[in-house]
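Novice: The following file, run-v2.cif, comprises mmCIF, N, CA and C atoms:
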```cif
data_final
#
loop_
_atom_site.label_atom_id
_atom_site.label_comp_id
_atom_site.auth_asym_id
_atom_site.auth_seq_id
_atom_site.Cartn_x
_atom_site.Cartn_y
_atom_site.Cartn_z
N SER A 1 206.35 -152.35 18.65
CA SER A 1 207.50 -152.92 17.95
C SER A 1 207.05 -153.69 16.71
N GLN A 2 208.01 -154.32 16.06
CA GLN A 2 207.74 -155.07 14.83
C GLN A 2 206.79 -156.23 15.07
N ALA A 3 206.92 -156.89 16.22
CA ALA A 3 206.07 -158.05 16.53
C ALA A 3 204.60 -157.63 16.63
N ILE A 4 204.35 -156.47 17.21
CA ILE A 4 202.98 -155.98 17.35
C ILE A 4 202.37 -155.71 15.98
N VAL A 5 203.16 -155.11 15.09
CA VAL A 5 202.69 -154.82 13.73
C VAL A 5 202.33 -156.12 13.01
N VAL A 6 203.19 -157.12 13.13
CA VAL A 6 202.94 -158.42 12.50
C VAL A 6 201.66 -159.04 13.05
N LEU A 7 201.47 -158.97 14.36
CA LEU A 7 200.27 -159.53 14.98
C LEU A 7 199.01 -158.79 14.53
N GLN A 8 199.13 -157.46 14.41
CA GLN A 8 197.98 -156.67 13.96
C GLN A 8 197.60 -157.03 12.52
N GLU A 9 198.61 -157.19 11.66
CA GLU A 9 198.35 -157.59 10.28
C GLU A 9 197.72 -158.98 10.23
N HIS A 10 198.24 -159.86 11.06
CA HIS A 10 197.70 -161.22 11.13
C HIS A 10 196.24 -161.19 11.58
N GLN A 11 195.95 -160.38 12.59
CA GLN A 11 194.58 -160.27 13.10
C GLN A 11 193.65 -159.71 12.02
N LYS A 12 194.14 -158.74 11.25
CA LYS A 12 193.34 -158.15 10.18
C LYS A 12 193.00 -159.21 9.12
N LYS A 13 193.99 -160.02 8.75
CA LYS A 13 193.76 -161.09 7.78
C LYS A 13 192.75 -162.10 8.31
N MET A 14 192.88 -162.43 9.59
CA MET A 14 191.94 -163.38 10.21
C MET A 14 190.51 -162.83 10.17
N GLU A 15 190.36 -161.53 10.44
CA GLU A 15 189.04 -160.90 10.40
C GLU A 15 188.46 -160.93 8.99
N GLU A 16 189.32 -160.70 7.98
CA GLU A 16 188.87 -160.76 6.59
C GLU A 16 188.41 -162.18 6.23
N ILE A 17 189.18 -163.17 6.67
CA ILE A 17 188.81 -164.57 6.43
C ILE A 17 187.49 -164.89 7.10
N GLU A 18 187.33 -164.42 8.34
CA GLU A 18 186.10 -164.66 9.09
C GLU A 18 184.90 -164.03 8.37
N LYS A 19 185.08 -162.82 7.87
CA LYS A 19 184.01 -162.14 7.14
C LYS A 19 183.66 -162.92 5.87
N GLY A 20 184.69 -163.41 5.20
CA GLY A 20 184.47 -164.22 3.99
C GLY A 20 183.69 -165.49 4.30
N ILE A 21 184.01 -166.12 5.42
CA ILE A 21 183.30 -167.33 5.84
C ILE A 21 181.84 -167.01 6.14
N GLU A 22 181.61 -165.89 6.85
CA GLU A 22 180.24 -165.47 7.16
C GLU A 22 179.44 -165.26 5.87
N ASN A 23 180.05 -164.56 4.91
CA ASN A 23 179.38 -164.32 3.63
C ASN A 23 179.05 -165.63 2.92
N ARG A 24 179.99 -166.56 2.96
CA ARG A 24 179.77 -167.85 2.31
C ARG A 24 178.64 -168.61 2.99
N LEU A 25 178.58 -168.55 4.32
CA LEU A 25 177.50 -169.22 5.05
C LEU A 25 176.14 -168.65 4.67
N VAL A 26 176.07 -167.32 4.51
CA VAL A 26 174.82 -166.68 4.08
C VAL A 26 174.42 -167.19 2.70
N LEU A 27 175.39 -167.26 1.79
CA LEU A 27 175.10 -167.75 0.44
C LEU A 27 174.63 -169.20 0.46
N ILE A 28 175.28 -170.02 1.29
CA ILE A 28 174.88 -171.43 1.41
C ILE A 28 173.46 -171.52 1.93
N GLN A 29 173.13 -170.71 2.93
CA GLN A 29 171.78 -170.73 3.50
C GLN A 29 170.75 -170.33 2.46
N LYS A 30 171.04 -169.28 1.67
CA LYS A 30 170.11 -168.85 0.62
C LYS A 30 169.94 -169.96 -0.41
N HIS A 31 171.04 -170.61 -0.77
CA HIS A 31 171.00 -171.70 -1.74
C HIS A 31 170.14 -172.85 -1.22
N GLN A 32 170.30 -173.19 0.06
CA GLN A 32 169.50 -174.26 0.65
C GLN A 32 168.02 -173.91 0.63
N GLU A 33 167.69 -172.66 0.95
CA GLU A 33 166.29 -172.23 0.93
C GLU A 33 165.71 -172.37 -0.47
N THR A 34 166.50 -171.98 -1.48
CA THR A 34 166.06 -172.11 -2.87
C THR A 34 165.86 -173.57 -3.23
N GLN A 35 166.79 -174.43 -2.81
CA GLN A 35 166.67 -175.86 -3.11
C GLN A 35 165.42 -176.45 -2.46
N LEU A 36 165.13 -176.05 -1.22
CA LEU A 36 163.93 -176.56 -0.54
C LEU A 36 162.67 -176.12 -1.27
N LYS A 37 162.65 -174.87 -1.74
CA LYS A 37 161.50 -174.38 -2.52
C LYS A 37 161.37 -175.19 -3.81
N ASN A 38 162.50 -175.45 -4.47
CA ASN A 38 162.48 -176.23 -5.71
C ASN A 38 161.94 -177.64 -5.46
N ILE A 39 162.36 -178.26 -4.36
CA ILE A 39 161.88 -179.60 -4.02
C ILE A 39 160.38 -179.57 -3.79
N GLN A 40 159.90 -178.57 -3.07
CA GLN A 40 158.46 -178.45 -2.80
C GLN A 40 157.69 -178.27 -4.10
N LEU A 41 158.20 -177.43 -5.00
CA LEU A 41 157.54 -177.23 -6.29
C LEU A 41 157.51 -178.52 -7.10
N MET A 42 158.60 -179.27 -7.07
CA MET A 42 158.66 -180.55 -7.79
C MET A 42 157.64 -181.53 -7.22
N ARG A 43 157.50 -181.57 -5.89
CA ARG A 43 156.50 -182.45 -5.27
C ARG A 43 155.10 -182.08 -5.72
N GLU A 44 154.80 -180.77 -5.71
CA GLU A 44 153.48 -180.31 -6.13
C GLU A 44 153.22 -180.66 -7.59
N LEU A 45 154.23 -180.43 -8.43
CA LEU A 45 154.09 -180.73 -9.85
C LEU A 45 153.89 -182.23 -10.07
N PHE A 46 154.67 -183.04 -9.36
CA PHE A 46 154.55 -184.49 -9.49
C PHE A 46 153.17 -184.96 -9.06
N ALA A 47 152.64 -184.37 -7.99
CA ALA A 47 151.30 -184.73 -7.52
C ALA A 47 150.26 -184.40 -8.59
N LYS A 48 150.41 -183.24 -9.24
CA LYS A 48 149.47 -182.86 -10.30
C LYS A 48 149.58 -183.80 -11.49
N ILE A 49 150.81 -184.18 -11.84
CA ILE A 49 151.01 -185.11 -12.95
C ILE A 49 150.37 -186.46 -12.64
N LYS A 50 150.59 -186.95 -11.41
CA LYS A 50 150.00 -188.24 -11.02
C LYS A 50 148.47 -188.16 -11.06
N GLU A 51 147.93 -187.05 -10.54
CA GLU A 51 146.48 -186.87 -10.53
C GLU A 51 145.95 -186.83 -11.96
N HIS A 52 146.61 -186.09 -12.82
CA HIS A 52 146.19 -185.99 -14.22
C HIS A 52 146.28 -187.35 -14.91
N ALA A 53 147.36 -188.08 -14.63
CA ALA A 53 147.54 -189.41 -15.23
C ALA A 53 146.44 -190.36 -14.78
N SER A 54 146.06 -190.30 -13.51
CA SER A 54 145.03 -191.21 -13.01
C SER A 54 143.68 -190.89 -13.63
N ILE A 55 143.45 -189.62 -13.97
CA ILE A 55 142.19 -189.23 -14.62
C ILE A 55 142.21 -189.67 -16.09
N THR A 56 143.31 -189.42 -16.78
CA THR A 56 143.36 -189.69 -18.23
C THR A 56 143.62 -191.16 -18.55
N MET A 57 144.07 -191.96 -17.59
CA MET A 57 144.39 -193.36 -17.87
C MET A 57 143.21 -194.29 -17.63
N LYS A 58 142.06 -193.75 -17.24
CA LYS A 58 140.91 -194.61 -17.01
C LYS A 58 140.43 -195.19 -18.33
N LYS A 59 139.86 -196.39 -18.25
CA LYS A 59 139.39 -197.08 -19.46
C LYS A 59 138.14 -196.38 -20.00
N PRO A 60 137.88 -196.50 -21.29
CA PRO A 60 136.66 -195.93 -21.86
C PRO A 60 135.44 -196.48 -21.13
N GLY A 61 134.48 -195.61 -20.84
CA GLY A 61 133.28 -196.04 -20.13
C GLY A 61 133.37 -195.77 -18.64
N GLU A 62 134.59 -195.64 -18.10
CA GLU A 62 134.75 -195.33 -16.68
C GLU A 62 134.45 -193.85 -16.46
N GLU A 63 134.00 -193.56 -15.26
CA GLU A 63 133.75 -192.16 -14.92
C GLU A 63 135.08 -191.40 -14.88
N ARG A 64 135.08 -190.22 -15.42
CA ARG A 64 136.28 -189.37 -15.34
C ARG A 64 136.00 -188.21 -14.42
N GLY A 65 137.05 -187.79 -13.70
CA GLY A 65 136.92 -186.62 -12.84
C GLY A 65 136.55 -187.05 -11.47
#
```
Taking this structure as input, can you express it in the form of structure tokens?

Specialist:
Amino acid sequence: SQAIVVLQEHQKKMEEIEKGIENRLVLIQKHQETQLKNIQLMRELFAKIKEHASITMKKPGEERG
């Protein structure tokens, strides 16, 4: 009957919404992974900058390296 058709359409829309949510969760997860990689790269870069600064900021006559 008409009620069954309406329920089937409703179920189809719900499944589409669910699929959209799943896709969005995958995108969020990929974005988080990228952000974590970026943070790690920034930490490594900052460590290199600090190390370089400590070498180049020594007073004349001090051992370098």

Novice: Work out how far apart CA of His52 (chain A) and CA of Gln35 (chain A) are and give it in Å to one decimal.

Specialist: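 One can read the CA of His52 (chain A) to CA of Gln35 (chain A) distance as 25.4 Å.
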
Novice: Please determine an axis-aligned box that encloses all atoms of region 25-28 of chain A listed in the file, with 5 Å added on each side, and express its centre and edge lengths in Å to one decimal as lines of an AutoDock Vina configuration file.

Specialist:
```
center_x = 176.0
center_y = -169.1
center_z = 2.7
size_x = 15.1
size_y = 14.8
size_z = 14.6
```

Novice: So how many Å separate CA of Met14 (chain A) and atom C of Gln2 (chain A), to one decimal?

Specialist: 17.2 Å

Novice: Determine which residues of chain A receive a DSSP assignment of alpha helix (DSSP H), computed from the backbone, and state them as number ranges by chain.

Specialist: A: 2-56

Novice: Rounded to one decimal, what separation in Å do you get between CA of Gln29 (chain A) and CA of Glu15 (chain A)?

Specialist: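 Spanning CA of Gln29 (chain A) to CA of Glu15 (chain A) is a straight-line distance of 21.0 Å.
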